[in-house]
Structure formats: C-alpha cells, structure tokens
file entry-v2.pdb (PDB, C-alpha atoms)
ATOM      1  CA  MET U   1      17.449  -4.917 -14.813
ATOM      2  CA  PRO U   2      19.411  -7.820 -13.340
ATOM      3  CA  ARG U   3      17.741 -10.104 -10.852
ATOM      4  CA  PHE U   4      19.112 -10.577  -7.354
ATOM      5  CA  TYR U   5      18.218 -13.236  -4.796
ATOM      6  CA  PHE U   6      18.201 -12.503  -1.078
ATOM      7  CA  ASP U   7      18.548 -15.608   1.069
ATOM      8  CA  LEU U   8      17.675 -14.950   4.695
ATOM      9  CA  TYR U   9      19.132 -16.743   7.691
ATOM     10  CA  ASP U  10      17.440 -16.169  11.050
ATOM     11  CA  GLY U  11      19.679 -18.076  13.438
ATOM     12  CA  ALA U  12      19.611 -21.685  12.260
ATOM     13  CA  ASN U  13      16.451 -21.032  10.247
ATOM     14  CA  PHE U  14      17.179 -20.697   6.529
ATOM     15  CA  ALA U  15      14.625 -19.013   4.252
ATOM     16  CA  PRO U  16      15.843 -19.094   0.657
ATOM     17  CA  ASP U  17      14.536 -16.630  -1.919
ATOM     18  CA  PRO U  18      13.289 -18.634  -4.913
ATOM     19  CA  GLN U  19      11.750 -15.599  -6.623
ATOM     20  CA  GLY U  20      14.338 -12.821  -6.512
ATOM     21  CA  VAL U  21      13.875  -9.111  -7.180
ATOM     22  CA  ASP U  22      14.874  -7.063 -10.252
ATOM     23  CA  LEU U  23      17.071  -4.124  -9.230
ATOM     24  CA  PRO U  24      19.202  -1.639 -11.191
ATOM     25  CA  ASP U  25      22.616  -2.644  -9.827
ATOM     26  CA  ILE U  26      24.637  -4.298  -7.041
ATOM     27  CA  GLU U  27      24.779  -1.107  -4.958
ATOM     28  CA  THR U  28      20.974  -0.955  -4.887
ATOM     29  CA  ALA U  29      20.884  -4.645  -3.979
ATOM     30  CA  LYS U  30      23.259  -4.029  -1.050
ATOM     31  CA  ASP U  31      21.183  -1.056   0.141
ATOM     32  CA  GLU U  32      18.045  -3.206  -0.088
ATOM     33  CA  ALA U  33      19.693  -5.992   1.934
ATOM     34  CA  THR U  34      20.815  -3.535   4.626
ATOM     35  CA  ARG U  35      17.386  -1.941   4.897
ATOM     36  CA  THR U  36      15.662  -5.326   4.942
ATOM     37  CA  LEU U  37      17.936  -6.585   7.733
ATOM     38  CA  SER U  38      17.264  -3.519   9.863
ATOM     39  CA  GLU U  39      13.503  -3.815   9.280
ATOM     40  CA  ILE U  40      13.432  -7.504  10.172
ATOM     41  CA  ALA U  41      15.632  -6.910  13.217
ATOM     42  CA  ALA U  42      13.433  -4.011  14.396
ATOM     43  CA  GLN U  43      10.417  -6.305  14.249
ATOM     44  CA  GLU U  44      11.965  -9.495  15.664
ATOM     45  CA  ILE U  45      14.453  -8.389  18.311
ATOM     46  CA  PRO U  46      12.129  -6.702  20.824
ATOM     47  CA  GLY U  47      10.778 -10.170  21.731
ATOM     48  CA  ASP U  48      12.525 -11.638  24.790
ATOM     49  CA  GLY U  49      15.946 -10.027  24.520
ATOM     50  CA  ALA U  50      17.544 -13.310  23.458
ATOM     51  CA  SER U  51      20.571 -13.252  21.179
ATOM     52  CA  ARG U  52      19.668 -13.243  17.505
ATOM     53  CA  LEU U  53      21.704 -13.447  14.339
ATOM     54  CA  PHE U  54      20.133 -12.271  11.087
ATOM     55  CA  ARG U  55      22.028 -12.700   7.867
ATOM     56  CA  ILE U  56      21.171 -11.896   4.246
ATOM     57  CA  VAL U  57      23.205 -13.408   1.454
ATOM     58  CA  ILE U  58      22.821 -11.724  -1.937
ATOM     59  CA  LEU U  59      23.141 -13.943  -4.997
ATOM     60  CA  ASP U  60      23.240 -12.918  -8.638
ATOM     61  CA  GLU U  61      21.356 -14.461 -11.574
ATOM     62  CA  THR U  62      23.763 -17.421 -11.668
ATOM     63  CA  ARG U  63      23.149 -17.925  -7.920
ATOM     64  CA  SER U  64      26.717 -16.955  -7.100
ATOM     65  CA  ILE U  65      27.182 -15.157  -3.791
ATOM     66  CA  ILE U  66      28.063 -11.518  -4.347
ATOM     67  CA  SER U  67      27.575  -9.994  -0.909
ATOM     68  CA  GLU U  68      26.508 -10.706   2.636
ATOM     69  CA  ALA U  69      25.262  -8.574   5.500
ATOM     70  CA  ARG U  70      24.427  -9.501   9.088
ATOM     71  CA  ILE U  71      23.000  -8.119  12.296
ATOM     72  CA  ASP U  72      24.245  -9.866  15.410
ATOM     73  CA  PHE U  73      22.188  -8.891  18.452
ATOM     74  CA  ARG U  74      23.311  -9.657  21.998
ATOM     75  CA  ALA U  75      21.983  -8.153  25.204
ATOM     76  CA  THR U  76      24.255  -8.331  28.211
ATOM     77  CA  ARG U  77      22.803  -8.062  31.703
ATOM     78  CA  ALA U  78      24.970  -7.083  34.642
ATOM     79  CA  SER U  79      25.301  -9.972  37.146
ATOM     80  CA  PRO U  80      23.506  -9.508  40.550
ATOM     81  CA  GLY U  81      25.338  -7.186  42.916
ATOM     82  CA  ASN U  82      27.417  -5.830  40.063
ATOM     83  CA  ALA U  83      25.980  -2.560  38.807
ATOM     84  CA  ALA U  84      28.624  -2.093  36.133
ATOM     85  CA  PRO U  85      28.007  -3.539  32.670
ATOM     86  CA  ALA U  86      30.188  -6.301  31.341
ATOM     87  CA  ASP U  87      33.828  -5.397  30.814
ATOM     88  CA  SER U  88      34.259  -3.707  27.482
ATOM     89  CA  LYS U  89      37.126  -6.018  26.490
ATOM     90  CA  ASP U  90      34.602  -8.900  26.418
ATOM     91  CA  ASN U  91      32.649  -7.246  23.627
ATOM     92  CA  HIS U  92      34.842  -8.590  20.857
ATOM     93  CA  ASP U  93      34.615 -12.259  21.509
ATOM     94  CA  GLU U  94      34.611 -13.955  18.108
TER      95      GLU U  94
ATOM     96  CA  MET B   1     -14.458   4.822 -25.376
ATOM     97  CA  THR B   2     -17.434   4.939 -23.020
ATOM     98  CA  SER B   3     -17.231   7.068 -19.941
ATOM     99  CA  ASP B   4     -18.724   4.705 -17.442
ATOM    100  CA  ILE B   5     -19.694   7.044 -14.655
ATOM    101  CA  GLU B   6     -21.884   4.241 -13.263
ATOM    102  CA  VAL B   7     -18.852   3.136 -11.247
ATOM    103  CA  LEU B   8     -19.015   6.409  -9.285
ATOM    104  CA  ILE B   9     -22.727   5.880  -8.685
ATOM    105  CA  ALA B  10     -21.980   2.363  -7.417
ATOM    106  CA  LYS B  11     -19.293   3.713  -5.099
ATOM    107  CA  LEU B  12     -21.536   6.419  -3.616
ATOM    108  CA  ALA B  13     -24.440   3.982  -3.256
ATOM    109  CA  ALA B  14     -22.089   1.670  -1.341
ATOM    110  CA  ILE B  15     -21.140   4.289   1.245
ATOM    111  CA  GLY B  16     -24.513   5.945   1.794
ATOM    112  CA  ARG B  17     -28.022   6.643   0.589
ATOM    113  CA  LEU B  18     -28.189   7.685  -3.055
ATOM    114  CA  HIS B  19     -31.618   8.643  -4.418
ATOM    115  CA  PRO B  20     -32.473   8.039  -8.089
ATOM    116  CA  GLN B  21     -32.608  11.768  -8.908
ATOM    117  CA  GLN B  22     -29.115  12.171  -7.406
ATOM    118  CA  ALA B  23     -27.804   9.286  -9.492
ATOM    119  CA  GLU B  24     -29.351  11.011 -12.511
ATOM    120  CA  ALA B  25     -27.593  14.282 -11.608
ATOM    121  CA  ILE B  26     -24.270  12.407 -11.585
ATOM    122  CA  ARG B  27     -25.069  10.855 -14.986
ATOM    123  CA  ASN B  28     -25.701  14.359 -16.339
ATOM    124  CA  LEU B  29     -22.281  15.655 -15.264
ATOM    125  CA  PRO B  30     -20.076  16.747 -18.171
ATOM    126  CA  VAL B  31     -17.186  14.264 -18.080
ATOM    127  CA  GLN B  32     -14.041  14.516 -20.156
ATOM    128  CA  VAL B  33     -12.509  11.074 -20.527
ATOM    129  CA  ALA B  34      -8.721  10.701 -20.555
ATOM    130  CA  ARG B  35      -6.422   7.694 -20.797
ATOM    131  CA  ILE B  36      -3.367   7.784 -18.532
ATOM    132  CA  ASN B  37      -0.347   5.537 -19.013
ATOM    133  CA  ARG B  38       1.255   3.702 -16.093
ATOM    134  CA  GLY B  39       3.492   5.950 -14.014
ATOM    135  CA  HIS B  40       2.171   9.177 -15.502
ATOM    136  CA  ASP B  41       0.970  11.949 -13.208
ATOM    137  CA  VAL B  42      -2.647  13.103 -13.216
ATOM    138  CA  VAL B  43      -2.074  15.851 -10.655
ATOM    139  CA  MET B  44       1.262  17.142  -9.361
ATOM    140  CA  ASP B  45       2.120  18.476  -5.912
ATOM    141  CA  GLY B  46       1.493  22.234  -5.990
ATOM    142  CA  ASN B  47      -0.894  22.272  -8.974
ATOM    143  CA  ILE B  48      -3.873  24.628  -8.782
ATOM    144  CA  MET B  49      -6.905  22.588  -9.809
ATOM    145  CA  THR B  50     -10.104  23.556 -11.593
ATOM    146  CA  HIS B  51     -11.382  19.990 -11.926
ATOM    147  CA  SER B  52     -11.410  16.669 -10.084
ATOM    148  CA  CYS B  53     -11.218  13.183 -11.561
ATOM    149  CA  VAL B  54     -13.120   9.929 -11.169
ATOM    150  CA  VAL B  55     -11.210   6.675 -11.688
ATOM    151  CA  LEU B  56     -13.190   4.870 -14.413
ATOM    152  CA  SER B  57     -10.825   1.919 -14.915
ATOM    153  CA  GLY B  58      -7.372   0.896 -13.768
ATOM    154  CA  MET B  59      -5.955   2.345 -10.550
ATOM    155  CA  LEU B  60      -4.414   5.589  -9.306
ATOM    156  CA  HIS B  61      -2.336   6.282  -6.221
ATOM    157  CA  ARG B  62      -1.514   9.385  -4.215
ATOM    158  CA  HIS B  63       2.086   9.803  -3.150
ATOM    159  CA  LYS B  64       4.683  12.254  -1.886
ATOM    160  CA  THR B  65       8.442  12.140  -2.309
ATOM    161  CA  MET B  66      10.943  13.293   0.308
ATOM    162  CA  LYS B  67      13.765  15.586  -0.776
ATOM    163  CA  ASP B  68      16.187  12.629  -0.567
ATOM    164  CA  GLY B  69      14.088  10.805  -3.161
ATOM    165  CA  ASN B  70      12.246   8.344  -0.907
ATOM    166  CA  ARG B  71       8.635   7.972  -1.940
ATOM    167  CA  GLN B  72       5.664   7.254   0.297
ATOM    168  CA  ILE B  73       2.507   5.971  -1.384
ATOM    169  CA  LEU B  74      -0.404   7.345   0.635
ATOM    170  CA  SER B  75      -3.378   5.568  -0.902
ATOM    171  CA  PHE B  76      -4.512   3.404  -3.809
ATOM    172  CA  HIS B  77      -7.677   4.291  -5.735
ATOM    173  CA  PRO B  78      -9.675   1.681  -7.619
ATOM    174  CA  PRO B  79     -12.490   2.624 -10.052
ATOM    175  CA  GLY B  80     -15.256   4.721  -8.478
ATOM    176  CA  ASP B  81     -12.918   6.824  -6.333
ATOM    177  CA  ILE B  82     -12.452  10.589  -6.717
ATOM    178  CA  PRO B  83      -8.889  10.753  -5.362
ATOM    179  CA  ASP B  84      -8.597  14.536  -5.711
ATOM    180  CA  LEU B  85     -12.044  15.537  -4.485
ATOM    181  CA  GLN B  86     -10.322  17.713  -1.841
ATOM    182  CA  SER B  87      -9.231  20.084  -4.604
ATOM    183  CA  LEU B  88     -12.851  21.240  -4.857
ATOM    184  CA  HIS B  89     -12.128  23.185  -1.636
ATOM    185  CA  LEU B  90      -8.328  22.999  -1.371
ATOM    186  CA  ARG B  91      -7.426  24.019  -4.911
ATOM    187  CA  LYS B  92      -3.656  23.816  -4.460
ATOM    188  CA  VAL B  93      -2.966  20.120  -4.092
ATOM    189  CA  ASP B  94      -0.392  18.856  -1.590
ATOM    190  CA  TYR B  95       0.331  15.409  -3.085
ATOM    191  CA  THR B  96       0.938  13.867  -6.483
ATOM    192  CA  LEU B  97      -1.655  11.617  -8.104
ATOM    193  CA  SER B  98      -0.339   9.052 -10.591
ATOM    194  CA  ALA B  99      -1.524   6.061 -12.579
ATOM    195  CA  THR B 100      -0.566   2.753 -10.914
ATOM    196  CA  THR B 101      -1.414   1.021 -14.176
ATOM    197  CA  GLN B 102      -2.892   2.061 -17.535
ATOM    198  CA  SER B 103      -6.067   3.824 -16.438
ATOM    199  CA  VAL B 104      -9.044   5.748 -17.710
ATOM    200  CA  ILE B 105     -10.225   8.765 -15.738
ATOM    201  CA  GLY B 106     -13.175  11.119 -16.049
ATOM    202  CA  LEU B 107     -12.325  14.780 -15.533
ATOM    203  CA  ILE B 108     -15.143  16.896 -14.089
ATOM    204  CA  GLU B 109     -14.881  20.653 -13.761
ATOM    205  CA  HIS B 110     -15.328  21.993 -10.245
ATOM    206  CA  LYS B 111     -17.976  24.433 -11.440
ATOM    207  CA  ALA B 112     -20.035  21.502 -12.766
ATOM    208  CA  ILE B 113     -19.695  19.701  -9.417
ATOM    209  CA  ARG B 114     -20.730  22.880  -7.574
ATOM    210  CA  ALA B 115     -23.765  23.334  -9.838
ATOM    211  CA  MET B 116     -24.770  19.719  -9.215
ATOM    212  CA  LEU B 117     -24.434  20.155  -5.433
ATOM    213  CA  ARG B 118     -26.605  23.299  -5.549
ATOM    214  CA  ASP B 119     -29.323  21.301  -7.333
ATOM    215  CA  GLN B 120     -28.917  18.200  -5.150
ATOM    216  CA  PRO B 121     -27.792  19.367  -1.688
ATOM    217  CA  ALA B 122     -28.036  15.836  -0.258
ATOM    218  CA  LEU B 123     -25.121  14.885  -2.505
ATOM    219  CA  THR B 124     -22.951  17.292  -0.484
ATOM    220  CA  ASP B 125     -23.528  15.087   2.561
ATOM    221  CA  LEU B 126     -22.598  12.003   0.577
ATOM    222  CA  LEU B 127     -19.368  13.527  -0.785
ATOM    223  CA  TRP B 128     -18.535  14.766   2.713
ATOM    224  CA  ARG B 129     -19.067  11.232   3.981
ATOM    225  CA  ASP B 130     -16.770   9.961   1.218
ATOM    226  CA  THR B 131     -14.053  12.400   2.336
ATOM    227  CA  LEU B 132     -14.431  11.305   5.963
ATOM    228  CA  ILE B 133     -14.082   7.648   4.965
ATOM    229  CA  ASP B 134     -10.962   8.632   3.024
ATOM    230  CA  ALA B 135      -9.644  10.120   6.278
ATOM    231  CA  ALA B 136     -10.624   6.979   8.212
ATOM    232  CA  GLN B 137      -8.547   4.929   5.781
ATOM    233  CA  PHE B 138      -5.575   7.194   6.487
ATOM    234  CA  LEU B 139      -6.014   6.645  10.244
ATOM    235  CA  THR B 140      -5.938   2.905   9.741
ATOM    236  CA  TRP B 141      -2.945   3.163   7.381
ATOM    237  CA  MET B 142      -1.063   5.278   9.935
ATOM    238  CA  MET B 143      -1.726   2.761  12.695
ATOM    239  CA  LEU B 144      -0.523  -0.089  10.513
ATOM    240  CA  ILE B 145       2.687   1.611   9.434
ATOM    241  CA  GLY B 146       3.470   2.603  13.011
ATOM    242  CA  GLN B 147       2.464  -0.535  14.879
ATOM    243  CA  ALA B 148       1.851  -3.622  12.752
ATOM    244  CA  SER B 149       4.306  -6.310  11.672
ATOM    245  CA  ALA B 150       5.358  -6.467   8.032
ATOM    246  CA  GLU B 151       3.103  -9.499   7.473
ATOM    247  CA  ALA B 152       0.106  -7.777   9.091
ATOM    248  CA  ARG B 153       0.633  -4.600   7.058
ATOM    249  CA  MET B 154       0.838  -6.542   3.805
ATOM    250  CA  ALA B 155      -2.175  -8.701   4.688
ATOM    251  CA  HIS B 156      -4.197  -5.613   5.628
ATOM    252  CA  ILE B 157      -3.714  -3.744   2.366
ATOM    253  CA  PHE B 158      -5.025  -6.770   0.448
ATOM    254  CA  CYS B 159      -7.950  -7.254   2.871
ATOM    255  CA  GLU B 160      -8.939  -3.603   2.452
ATOM    256  CA  LEU B 161      -8.829  -3.539  -1.335
ATOM    257  CA  TYR B 162     -10.643  -6.892  -1.619
ATOM    258  CA  THR B 163     -13.421  -5.685   0.698
ATOM    259  CA  ARG B 164     -13.854  -2.440  -1.257
ATOM    260  CA  LEU B 165     -13.822  -4.152  -4.655
ATOM    261  CA  LYS B 166     -16.404  -6.714  -3.546
ATOM    262  CA  VAL B 167     -18.874  -4.050  -2.433
ATOM    263  CA  VAL B 168     -18.259  -1.341  -5.029
ATOM    264  CA  ASN B 169     -16.928  -3.086  -8.124
ATOM    265  CA  GLY B 170     -18.812  -6.363  -8.021
ATOM    266  CA  VAL B 171     -15.733  -8.551  -7.574
ATOM    267  CA  SER B 172     -16.833 -12.060  -6.713
ATOM    268  CA  GLY B 173     -14.775 -15.111  -5.970
ATOM    269  CA  SER B 174     -11.343 -14.943  -4.431
ATOM    270  CA  THR B 175      -9.306 -13.243  -7.191
ATOM    271  CA  PHE B 176      -9.112  -9.535  -7.924
ATOM    272  CA  PRO B 177      -6.882  -7.077  -9.762
ATOM    273  CA  PHE B 178      -4.313  -5.134  -7.731
ATOM    274  CA  PRO B 179      -2.201  -3.630 -10.530
ATOM    275  CA  ALA B 180       0.608  -2.470  -8.232
ATOM    276  CA  THR B 181       4.230  -3.596  -8.416
ATOM    277  CA  GLN B 182       6.177  -4.934  -5.442
ATOM    278  CA  THR B 183       7.982  -1.576  -5.382
ATOM    279  CA  ASP B 184       4.605   0.194  -5.089
ATOM    280  CA  LEU B 185       3.606  -2.086  -2.204
ATOM    281  CA  ALA B 186       6.968  -1.504  -0.505
ATOM    282  CA  ASP B 187       6.565   2.279  -0.829
ATOM    283  CA  ALA B 188       2.995   2.076   0.456
ATOM    284  CA  LEU B 189       3.851  -0.056   3.478
ATOM    285  CA  GLY B 190       7.117   1.640   4.414
ATOM    286  CA  MET B 191       9.399  -1.329   3.819
ATOM    287  CA  SER B 192      12.218  -2.258   1.452
ATOM    288  CA  ILE B 193      11.383  -3.934  -1.863
ATOM    289  CA  VAL B 194      13.171  -7.078  -0.733
ATOM    290  CA  HIS B 195      11.218  -7.096   2.527
ATOM    291  CA  ALA B 196       7.941  -6.653   0.623
ATOM    292  CA  ASN B 197       8.923  -9.478  -1.705
ATOM    293  CA  ARG B 198       9.866 -11.762   1.216
ATOM    294  CA  THR B 199       6.668 -10.878   3.065
ATOM    295  CA  LEU B 200       4.549 -11.802   0.023
ATOM    296  CA  GLN B 201       6.474 -15.064  -0.328
ATOM    297  CA  ALA B 202       5.799 -15.825   3.347
ATOM    298  CA  LEU B 203       2.052 -15.196   2.932
ATOM    299  CA  ARG B 204       2.074 -17.460  -0.140
ATOM    300  CA  ALA B 205       3.982 -20.191   1.737
ATOM    301  CA  GLU B 206       1.432 -19.919   4.556
ATOM    302  CA  ALA B 207      -1.323 -20.446   1.941
ATOM    303  CA  MET B 208      -3.056 -17.174   2.823
ATOM    304  CA  LEU B 209      -2.477 -14.953  -0.223
ATOM    305  CA  SER B 210      -1.034 -15.182  -3.699
ATOM    306  CA  PHE B 211       0.044 -12.108  -5.663
ATOM    307  CA  ALA B 212       1.691 -12.013  -9.084
ATOM    308  CA  ASN B 213       1.568  -9.704 -12.101
ATOM    309  CA  GLY B 214      -1.041  -7.396 -10.630
ATOM    310  CA  GLN B 215      -3.467 -10.192  -9.768
ATOM    311  CA  ALA B 216      -4.239 -11.157  -6.189
ATOM    312  CA  GLU B 217      -5.901 -14.289  -4.891
ATOM    313  CA  ILE B 218      -7.167 -14.725  -1.374
ATOM    314  CA  LEU B 219      -6.283 -18.288  -0.422
ATOM    315  CA  ASP B 220      -7.546 -18.219   3.167
ATOM    316  CA  TRP B 221      -9.609 -15.160   4.073
ATOM    317  CA  ALA B 222     -10.118 -16.081   7.740
ATOM    318  CA  ARG B 223      -6.420 -16.465   8.473
ATOM    319  CA  LEU B 224      -5.396 -13.476   6.341
ATOM    320  CA  ALA B 225      -7.932 -11.174   8.020
ATOM    321  CA  SER B 226      -6.940 -12.487  11.443
ATOM    322  CA  LEU B 227      -3.227 -11.881  10.768
ATOM    323  CA  ALA B 228      -4.054  -8.340   9.533
ATOM    324  CA  GLN B 229      -6.408  -7.742  12.511
ATOM    325  CA  PHE B 230      -8.707  -6.487   9.773
ATOM    326  CA  ASP B 231     -12.025  -4.968  10.863
ATOM    327  CA  SER B 232     -13.870  -3.412   7.919
ATOM    328  CA  SER B 233     -15.958  -1.027  10.050
ATOM    329  CA  TYR B 234     -13.622   1.900   9.232
ATOM    330  CA  LEU B 235     -14.652   1.601   5.570
ATOM    331  CA  HIS B 236     -18.287   2.386   6.529
ATOM    332  CA  LEU B 237     -19.694   0.424   3.613
ATOM    333  CA  SER B 238     -23.498   0.600   3.714
ATOM    334  CA  ASP B 239     -23.679   1.077   7.463
ATOM    335  CA  GLU B 240     -25.597   4.329   7.423
TER     336      GLU B 240
END

call {"tool": "encode", "arguments": {"input": "entry-v2.pdb", "output": "structure tokens"}}
result
Amino acid sequence: MPRFYFDLYDGANFAPDPQGVDLPDIETAKDEATRTLSEIAAQEIPGDGASRLFRIVILDETRSIISEARIDFRATRASPGNAAPADSKDNHDE
Amino acid sequence: MTSDIEVLIAKLAAIGRLHPQQAEAIRNLPVQVARINRGHDVVMDGNIMTHSCVVLSGMLHRHKTMKDGNRQILSFHPPGDIPDLQSLHLRKVDYTLSATTQSVIGLIEHKAIRAMLRDQPALTDLLWRDTLIDAAQFLTWMMLIGQASAEARMAHIFCELYTRLKVVNGVSGSTFPFPATQTDLADALGMSIVHANRTLQALRAEAMLSFANGQAEILDWARLASLAQFDSSYLHLSDE
C-alpha cells in the first residue's frame, strides 16, 4: 500500500506529519482527510466560538501535494438592536 | 505447545478471592489448544456456541461491523481473558471475536465449565464478577467515546491495558505489548486512521507515550493518566 502524509494546519499553527499512513489509494486518503478534519473541528470548534481554519494537505511518497481539504469556521453574531442575522450577501467574502 | 491455563488463574486471582482447590479445578479443565492467525475469527456474529475460549497468548478483540462496512472494535482481550464467557448463557453470540495478532487460545466446552461450577460453586461468583467488570469496562469505553477528546481516549486505552497487564500478566517496567495496528486503535476509539496516527504522534511529541510495531512504552505515567482522567477503580483489581 502506498504511504500518504497528512500535514495539518490549525490557523497559523503547522503540524507536519513525519510518519505518514499506509492506505490503499488516493480516494481512501481523501476520505481519511475529510473525516479527520471533521473530527478535529468537532473537538476544537466548540471552544469560544472564535473563527478557526483547519486545513489538511495530503502528500504522496515523494512529498508532492496531491490534495487539500479545509474547514473554515466563522460564527456571526447579530449586532445589538438588530435581530436579523448578517446579510446573506456578506457570506461570500473571500 | 503447552496450554498455560495459569494465566486464567492469575486473572481470576487478580479480580477476586481464588481458593487453592478452585485453582486446582481450573487446572483440571479439559482444554483444547488452538493457534489463531492475525485477523482470523474465533467466533462469528450469530454462531451458536458449545464452548468458550481463554486467551493463552497474543490478543483477541470483539467487534461488530455496520452494514456500510464500518467496524467498531468493542474490546481488546489480553491473555487470561475469556472474551466469550457470555456464550455459556447466551449461546448465540452477538459480536465477532478475532485475533488481533497471532494468538493461542484454550477452548473449553461449556459442559466442562458447568461441571466445574457445580463442584466449586464459589467460582460462579468469581466468573459473575468477571462479567460485571467486563460490563464496567464497556461503561467507561462508552463514556470515553461519547465525551473525551481524541488525546484522552487514546491515552485511556493505553492506561487501561497497562494497568491490567501489570496486575494480571506480571508486566513490569514501562514497556508492554499492545499488538494492535493504528487501524485497530482508530476503529476502537471511533476516529479516522489519520486522526489516530496524529493523536499518537502528539502523545509522543508530548513525551507521554510511545507506540510502534505493537509495542507501547509509557514515557510519563502521571501526565498520561491525568490527560486520560484515568481512575482504575472500574477495573476492580483486588479490591474485594
């Protein structure tokens, strides 16, 4: 089985994967990255509601990037006196 | 190949009071020794059983697989355990029991166990106690999977096995065998393989635990146990 490396970025914090994991194929590696991101996000996000960006970069045996996945969490609070949530057109702000 | 049933005697002596004549009754049990290769099933979900097995060496695990193929490992069983003791009363098993690594088991017919319990009724209490401790481990496992962080879950499973091996199997020092793969650990703790791998790397980087090739080393018991919120009282080792 080929080996894949899963480098994790939690905001500015970079945690490389020196060890890697042997998996049958790229599709399994992508599924693993997706599941891992959702598990890490489920554990980390409930903290203080601050914005968080989690990113996993998958590398192959030659350490070339083959895929990337991210979870970008933002909580928006309505401003005082304004019961409506933020305007929906502001949601795509990149 | 010797059938070293002494490991079962050590296990039962660790969880309760075992009198010499009861230990002798266990030694007199007819045991059929079998070698099981890694990944092979000892008992399959739905089987009707006429015997139970003692782990003599290696390790077994109980597991169930969802229809979509996702597997949950329910428990790991080091030497001394009787992972399918329930089948003495619940003959149709509702889990699969497989070898985590190359293992040797001792098969004991239910009728031989029943005859032994008729002769030594106090052993019934001890086996009942063993079953209740098994259930207590499930309670703890359930709490961990539902409520604990990935690091705490991983730390806990190593704390539990280390504590059991020290008392029952005479493990001394800080290293012990845990012949599971990272995939096994992931399926036991309800996390992805990559997450399990990253969690182990984090515990290694924190100088708490090292795990490679089925060998574990406790690097800092106090911090590992504190992270896991590990309290061994649920194992009821020699607290009778």

call {"tool": "interface_residues", "arguments": {"input": "entry-v2.pdb", "of": "chain B", "to": "chain U", "cutoff": "7 Å", "atoms": "all atoms listed in the file", "output": "MDAnalysis selection string"}}
result
chainID B and resid 149 192:195

call {"tool": "write_last_selection", "arguments": {"input": "entry-v2.pdb", "atoms": "C-alpha atoms", "output": "short mmCIF file (atom, residue, chain, number, x, y, z; two decimals), in the coordinates of the input"}}
result
data_model
loop_
_atom_site.label_atom_id
_atom_site.label_comp_id
_atom_site.auth_asym_id
_atom_site.auth_seq_id
_atom_site.Cartn_x
_atom_site.Cartn_y
_atom_site.Cartn_z
CA SER B 149 4.31 -6.31 11.67
CA SER B 192 12.22 -2.26 1.45
CA ILE B 193 11.38 -3.93 -1.86
CA VAL B 194 13.17 -7.08 -0.73
CA HIS B 195 11.22 -7.10 2.53
#

call {"tool": "closest_residue", "arguments": {"input": "entry-v2.pdb", "among": "U:Ile65, U:Ala50, U:Ala41, U:Ala78", "to": "Ala150 in chain B", "atoms": "only C-alpha atoms"}}
result
U:Ala41

call {"tool": "atom_distance", "arguments": {"input": "entry-v2.pdb", "atom1": "CA of Ala115 in chain B", "atom2": "CA of Pro83 in chain B"}}
result
20.0 Å

call {"tool": "resolve_selection", "arguments": {"input": "entry-v2.pdb", "expression": "the PyMOL selection byres ((chain U and resi 72) around 7)", "output": "list in words"}}
result
Arg52, Leu53, Phe54, Arg70, Ile71, Phe73 and Arg74 of chain U

call {"tool": "closest_residue", "arguments": {"input": "entry-v2.pdb", "among": "B:Asn169, B:Pro78, B:Arg153, B:Thr181", "to": "Gln229 in chain B", "atoms": "only C-alpha atoms"}}
result
B:Arg153

call {"tool": "atom_distance", "arguments": {"input": "entry-v2.pdb", "atom1": "CA of Cys159 in chain B", "atom2": "CA of Ala225 in chain B"}}
result
6.5 Å

call {"tool": "resolve_selection", "arguments": {"input": "entry-v2.pdb", "expression": "the PyMOL selection byres ((chain B and resi 175) around 9)", "output": "PDB file with C-alpha atoms, keeping the file's coordinate frame"}}
result
ATOM      1  CA  TYR B 162     -10.643  -6.892  -1.619  1.00  0.00           C
ATOM      2  CA  VAL B 171     -15.733  -8.551  -7.574  1.00  0.00           C
ATOM      3  CA  SER B 172     -16.833 -12.060  -6.713  1.00  0.00           C
ATOM      4  CA  GLY B 173     -14.775 -15.111  -5.970  1.00  0.00           C
ATOM      5  CA  SER B 174     -11.343 -14.943  -4.431  1.00  0.00           C
ATOM      6  CA  PHE B 176      -9.112  -9.535  -7.924  1.00  0.00           C
ATOM      7  CA  PRO B 177      -6.882  -7.077  -9.762  1.00  0.00           C
ATOM      8  CA  GLN B 215      -3.467 -10.192  -9.768  1.00  0.00           C
ATOM      9  CA  ALA B 216      -4.239 -11.157  -6.189  1.00  0.00           C
ATOM     10  CA  GLU B 217      -5.901 -14.289  -4.891  1.00  0.00           C
ATOM     11  CA  ILE B 218      -7.167 -14.725  -1.374  1.00  0.00           C
ATOM     12  CA  LEU B 219      -6.283 -18.288  -0.422  1.00  0.00           C
TER      13      LEU B 219
END

call {"tool": "atom_distance", "arguments": {"input": "entry-v2.pdb", "atom1": "CA of Gln137 in chain B", "atom2": "CA of Trp221 in chain B"}}
result
20.2 Å

call {"tool": "closest_residue", "arguments": {"input": "entry-v2.pdb", "among": "U:Ile26, U:Arg77, U:Phe14, U:Tyr9", "to": "Glu61 in chain U", "atoms": "all atoms listed in the file"}}
result
U:Ile26

call {"tool": "residues_around", "arguments": {"input": "entry-v2.pdb", "residues": "range 126-130 of chain B", "least_positions_apart": "4", "cutoff": "12 Å", "atoms": "only C-alpha atoms", "output": "MDAnalysis selection string"}}
result
chainID B and resid 8:9 11:19 22:23 26 80:86 88:89 113:114 116:117 120:122 134:137 234:240

call {"tool": "resolve_selection", "arguments": {"input": "entry-v2.pdb", "expression": "the PyMOL selection byres ((chain B and resi 42) around 10)", "output": "tab-separated table (two decimals) with C-alpha atoms, keeping the file's coordinate frame"}}
result
chain	number	residue	atom	x	y	z
B	34	ALA	CA	-8.72	10.70	-20.56
B	36	ILE	CA	-3.37	7.78	-18.53
B	37	ASN	CA	-0.35	5.54	-19.01
B	39	GLY	CA	3.49	5.95	-14.01
B	40	HIS	CA	2.17	9.18	-15.50
B	41	ASP	CA	0.97	11.95	-13.21
B	43	VAL	CA	-2.07	15.85	-10.66
B	44	MET	CA	1.26	17.14	-9.36
B	52	SER	CA	-11.41	16.67	-10.08
B	53	CYS	CA	-11.22	13.18	-11.56
B	60	LEU	CA	-4.41	5.59	-9.31
B	61	HIS	CA	-2.34	6.28	-6.22
B	62	ARG	CA	-1.51	9.38	-4.22
B	84	ASP	CA	-8.60	14.54	-5.71
B	96	THR	CA	0.94	13.87	-6.48
B	97	LEU	CA	-1.66	11.62	-8.10
B	98	SER	CA	-0.34	9.05	-10.59
B	99	ALA	CA	-1.52	6.06	-12.58
B	105	ILE	CA	-10.22	8.76	-15.74

call {"tool": "residues_around", "arguments": {"input": "entry-v2.pdb", "residues": "Val104 in chain B", "least_positions_apart": "6", "cutoff": "9 Å", "atoms": "all atoms listed in the file", "output": "list in words"}}
result
Ser3, Val33, Ala34, Arg35, Ile36, Asn37, Val54, Val55, Leu56, Ser57, Gly58, Met59 and Pro79 of chain B

call {"tool": "closest_residue", "arguments": {"input": "entry-v2.pdb", "among": "B:Gly214, B:Met142, B:Val168, B:Arg118", "to": "Gln102 in chain B", "atoms": "all atoms listed in the file"}}
result
B:Gly214

call {"tool": "closest_residue", "arguments": {"input": "entry-v2.pdb", "among": "B:Lys166, B:Arg27, B:Lys64, B:Arg91", "to": "Gly106 in chain B", "atoms": "all atoms listed in the file"}}
result
B:Arg27
